[in-house]
Amino acid sequence: MAQDETVKSTIASDIEIVGSIQCASDIRLDGKLEGDLTCKGSAVIGDSAAVKGNLSVESISIMGEVTGNVTARDRIELKSTARLTGDIRAKRLTVEDGVTFVGKSEVNPSGARQGPSSPPSGTEDQPDREPGQKEQDRGKGGSGRK
Amino acid sequence: MPHPKNPNVIDGLASIRAARRAGETGHGRKLKTRPSQTRLPDADTPPEGSERTIASRIGSTAVPPRHDLLCYECGYAFVVRGRIQKPICPKCHCSLAMDDLCIRGEWAGDVKTIGSVEITTDGRITEGSIVARDLVLEGDARGGRLRVGRRLELGARARYSPRQTTFRDMRIRPGARITLRHKVSCRNLDIEGRLKASVTCEGMVRIKAGGVLEGALHAPHLEVEEGGGLRATIKVQPHDPP
């Protein structure tokens, strides 16, 4: 994840932008953004930042407030102060305790697509059986107990 | 220095006082003191480059282990420190069994213990009830009633009847692929395998590396480690007050 020294563009905390941002390099956002952010590098949403819009980045670290969908080609980090309302999609995800997050998540580190056509899980709990519907080969005793 | 009342007894404190007095008045040889060449660090300041904290120093002291026990007869929760030998419930005064059991093969009967019970992959509960503090379920327990005081661990081939099972914490073991059709409610949930369910937790949900949660999640606290998967509808915020 981008550190402060590698961030090239910075939106300071006293800046408010209404509109979209397109950035070819890394960006740090501490101000307010009402619009979409598209970034080919990594993005840092600071503690004081507030974003209303969709974010599409390579990787992102969120510490502030985001209302919108977040799509990362690599990874999303939700720090403990993050407040996110929206859907997320990424290859990797890290969530710290204390996060507020309401939305859908699509994170699959293995990369395999999971859909309705995916094979059924190996274990399923069966619905409760009716009394008296138990199996015939029941036997009492602790044959297997140590 | 003899004791003032009993000359056969040497009083240590009086001896020290006498020695100090002799040093001050010049009657005896005065002890020469000089400051230490190496200055010791302050007690509360860890040495440079060391990550030792006060907490780690405290943790190194010998503290007797703490056991949170739950009486399986009356449901009273109590704490025992140190080694447990024959625990007795302080409320109902019944003697509690604390055996750790392993069930292999078919089993029909009642088990009550404040220890842990493991049902192996070839274990099968056909009847009766199992009351334990921790239960590791790798086999089939659909025929029995399970009352787990603390944590239920589900393995790769775990099967249980949700209507006959109560537990507080749940852990999905590594390699397990669990699909639960009913709504799961628990206090804490640790996921190291794959779980497909609709989950409501009162405490912490931890998705470890290699763990995947699919379905729905409502919990006040969520931690996802690097490598954990999450494909769900999520609501992570404190529960609404009643």
# chains A, B, ... in the order shown; residues from 1 in each chain; ligands from 1

call {"tool": "interface_residues", "arguments": {"of": "chain B", "to": "chain A", "cutoff": "6 Å", "atoms": "only C-alpha atoms", "output": "MDAnalysis selection string"}}
result
chainID B and resid 103:105 107:108 157 159:160 177:180 221:227 229:237

call {"tool": "residues_around", "arguments": {"residues": "B:Val212", "least_positions_apart": "5", "cutoff": "7 Å", "atoms": "only C-alpha atoms", "output": "PyMOL selection string"}}
result
chain B and resi 191+193-195+207+228-230

call {"tool": "residues_around", "arguments": {"residues": "stretch 145-154 of chain B", "least_positions_apart": "6", "cutoff": "9 Å", "atoms": "only C-alpha atoms", "output": "PyMOL selection string"}}
result
chain B and resi 69-72+75+114+125+127-139+160-161+163-173+176+178+188

call {"tool": "closest_residue", "arguments": {"among": "B:Ile119, B:Leu101, B:Ala197, B:Cys74", "to": "B:Gly144", "atoms": "only C-alpha atoms"}}
result
B:Ile119

call {"tool": "closest_residue", "arguments": {"among": "A:Thr81, A:Ser20, A:Ser13, A:Thr71", "to": "A:Ser59", "atoms": "only C-alpha atoms"}}
result
A:Thr71

call {"tool": "decode", "arguments": {"residues": "stretch 3-126 of chain A", "atoms": "C-alpha atoms", "output": "JSON list (two decimals), in the first residue's frame"}}
result
[["chain", "number", "residue", "atom", "x", "y", "z"],
["A", 3, "GLN", "CA", 2.98, 5.27, 1.96],
["A", 4, "ASP", "CA", 3.02, 9.02, 2.38],
["A", 5, "GLU", "CA", 6.40, 9.44, 0.71],
["A", 6, "THR", "CA", 5.26, 7.63, -2.44],
["A", 7, "VAL", "CA", 2.00, 9.53, -2.85],
["A", 8, "LYS", "CA", 2.26, 11.99, -5.68],
["A", 9, "SER", "CA", -1.07, 13.79, -5.63],
["A", 10, "THR", "CA", -2.65, 15.05, -2.46],
["A", 11, "ILE", "CA", -6.06, 16.58, -1.93],
["A", 12, "ALA", "CA", -5.74, 18.42, 1.37],
["A", 13, "SER", "CA", -8.36, 18.41, 4.08],
["A", 14, "ASP", "CA", -9.57, 21.93, 3.33],
["A", 15, "ILE", "CA", -10.34, 21.14, -0.32],
["A", 16, "GLU", "CA", -13.79, 20.17, -1.52],
["A", 17, "ILE", "CA", -14.20, 18.84, -5.05],
["A", 18, "VAL", "CA", -17.45, 18.37, -6.89],
["A", 19, "GLY", "CA", -16.68, 16.31, -9.96],
["A", 20, "SER", "CA", -14.65, 13.36, -11.04],
["A", 21, "ILE", "CA", -10.98, 12.79, -10.48],
["A", 22, "GLN", "CA", -8.83, 10.78, -12.84],
["A", 23, "CYS", "CA", -5.34, 10.09, -11.68],
["A", 24, "ALA", "CA", -2.56, 8.19, -13.40],
["A", 25, "SER", "CA", -0.41, 7.83, -10.29],
["A", 26, "ASP", "CA", -0.94, 7.43, -6.57],
["A", 27, "ILE", "CA", -3.21, 9.80, -4.73],
["A", 28, "ARG", "CA", -4.01, 10.73, -1.16],
["A", 29, "LEU", "CA", -7.37, 12.25, -0.39],
["A", 30, "ASP", "CA", -7.95, 14.11, 2.87],
["A", 31, "GLY", "CA", -10.65, 16.50, 1.69],
["A", 32, "LYS", "CA", -14.16, 16.03, 0.40],
["A", 33, "LEU", "CA", -15.02, 14.55, -2.95],
["A", 34, "GLU", "CA", -18.46, 14.43, -4.47],
["A", 35, "GLY", "CA", -17.88, 12.37, -7.57],
["A", 36, "ASP", "CA", -15.99, 9.40, -8.87],
["A", 37, "LEU", "CA", -12.32, 8.68, -8.45],
["A", 38, "THR", "CA", -10.47, 6.66, -11.04],
["A", 39, "CYS", "CA", -6.88, 5.95, -10.24],
["A", 40, "LYS", "CA", -4.35, 3.73, -11.97],
["A", 41, "GLY", "CA", -2.16, 3.69, -8.88],
["A", 42, "SER", "CA", -3.00, 3.26, -5.27],
["A", 43, "ALA", "CA", -5.20, 5.60, -3.27],
["A", 44, "VAL", "CA", -5.35, 6.56, 0.38],
["A", 45, "ILE", "CA", -8.57, 7.94, 1.79],
["A", 46, "GLY", "CA", -7.48, 9.76, 4.93],
["A", 47, "ASP", "CA", -9.20, 10.07, 8.29],
["A", 48, "SER", "CA", -10.76, 13.40, 7.47],
["A", 49, "ALA", "CA", -11.82, 12.49, 3.94],
["A", 50, "ALA", "CA", -15.42, 12.11, 2.85],
["A", 51, "VAL", "CA", -16.21, 10.64, -0.54],
["A", 52, "LYS", "CA", -19.59, 10.36, -2.20],
["A", 53, "GLY", "CA", -19.00, 8.45, -5.37],
["A", 54, "ASN", "CA", -17.52, 5.34, -6.83],
["A", 55, "LEU", "CA", -13.86, 4.55, -6.50],
["A", 56, "SER", "CA", -11.95, 2.52, -9.05],
["A", 57, "VAL", "CA", -8.31, 2.02, -8.17],
["A", 58, "GLU", "CA", -5.42, -0.40, -8.28],
["A", 59, "SER", "CA", -5.33, -0.66, -4.50],
["A", 60, "ILE", "CA", -6.82, 1.48, -1.78],
["A", 61, "SER", "CA", -6.53, 2.12, 1.93],
["A", 62, "ILE", "CA", -9.60, 3.67, 3.51],
["A", 63, "MET", "CA", -9.52, 5.47, 6.82],
["A", 64, "GLY", "CA", -12.28, 7.99, 6.25],
["A", 65, "GLU", "CA", -15.88, 7.94, 5.09],
["A", 66, "VAL", "CA", -16.89, 6.57, 1.72],
["A", 67, "THR", "CA", -20.40, 6.36, 0.31],
["A", 68, "GLY", "CA", -20.19, 4.50, -2.96],
["A", 69, "ASN", "CA", -18.84, 1.39, -4.56],
["A", 70, "VAL", "CA", -15.17, 0.56, -4.33],
["A", 71, "THR", "CA", -13.49, -1.53, -6.99],
["A", 72, "ALA", "CA", -9.84, -2.41, -6.67],
["A", 73, "ARG", "CA", -7.87, -4.48, -9.09],
["A", 74, "ASP", "CA", -5.55, -5.63, -6.33],
["A", 75, "ARG", "CA", -6.48, -4.96, -2.71],
["A", 76, "ILE", "CA", -8.66, -2.99, -0.36],
["A", 77, "GLU", "CA", -7.66, -2.12, 3.17],
["A", 78, "LEU", "CA", -10.32, -0.93, 5.57],
["A", 79, "LYS", "CA", -8.66, 0.64, 8.57],
["A", 80, "SER", "CA", -10.31, 0.81, 11.95],
["A", 81, "THR", "CA", -11.67, 4.32, 11.41],
["A", 82, "ALA", "CA", -13.20, 3.56, 8.01],
["A", 83, "ARG", "CA", -16.91, 4.03, 7.39],
["A", 84, "LEU", "CA", -17.98, 2.52, 4.12],
["A", 85, "THR", "CA", -21.47, 2.33, 2.67],
["A", 86, "GLY", "CA", -21.40, 0.58, -0.66],
["A", 87, "ASP", "CA", -20.23, -2.52, -2.41],
["A", 88, "ILE", "CA", -16.63, -3.61, -2.63],
["A", 89, "ARG", "CA", -14.89, -5.77, -5.17],
["A", 90, "ALA", "CA", -11.25, -6.73, -4.98],
["A", 91, "LYS", "CA", -8.82, -9.59, -5.19],
["A", 92, "ARG", "CA", -7.62, -9.15, -1.62],
["A", 93, "LEU", "CA", -9.21, -7.56, 1.40],
["A", 94, "THR", "CA", -8.03, -6.58, 4.84],
["A", 95, "VAL", "CA", -10.48, -5.34, 7.44],
["A", 96, "GLU", "CA", -9.53, -4.07, 10.86],
["A", 97, "ASP", "CA", -11.74, -4.21, 13.90],
["A", 98, "GLY", "CA", -13.80, -1.05, 14.34],
["A", 99, "VAL", "CA", -14.83, -0.64, 10.73],
["A", 100, "THR", "CA", -18.38, 0.32, 9.82],
["A", 101, "PHE", "CA", -19.30, -1.35, 6.56],
["A", 102, "VAL", "CA", -22.71, -1.78, 4.99],
["A", 103, "GLY", "CA", -22.80, -3.31, 1.54],
["A", 104, "LYS", "CA", -21.90, -6.29, -0.53],
["A", 105, "SER", "CA", -18.49, -7.79, -0.79],
["A", 106, "GLU", "CA", -16.92, -9.74, -3.62],
["A", 107, "VAL", "CA", -13.49, -10.83, -2.52],
["A", 108, "ASN", "CA", -12.03, -14.10, -3.63],
["A", 109, "PRO", "CA", -8.30, -14.41, -3.03],
["A", 110, "SER", "CA", -8.07, -17.73, -4.85],
["A", 111, "GLY", "CA", -9.43, -16.12, -7.98],
["A", 112, "ALA", "CA", -11.89, -18.92, -8.68],
["A", 113, "ARG", "CA", -15.31, -17.66, -9.62],
["A", 114, "GLN", "CA", -18.02, -18.76, -7.26],
["A", 115, "GLY", "CA", -21.45, -18.77, -8.78],
["A", 116, "PRO", "CA", -24.61, -20.79, -8.89],
["A", 117, "SER", "CA", -22.82, -23.32, -11.06],
["A", 118, "SER", "CA", -20.11, -23.95, -8.51],
["A", 119, "PRO", "CA", -19.99, -27.44, -7.06],
["A", 120, "PRO", "CA", -22.01, -27.98, -3.91],
["A", 121, "SER", "CA", -20.29, -27.77, -0.59],
["A", 122, "GLY", "CA", -19.03, -30.95, 0.89],
["A", 123, "THR", "CA", -21.00, -30.58, 4.06],
["A", 124, "GLU", "CA", -24.57, -29.62, 4.47],
["A", 125, "ASP", "CA", -26.68, -29.78, 7.53],
["A", 126, "GLN", "CA", -29.87, -31.57, 6.78]]
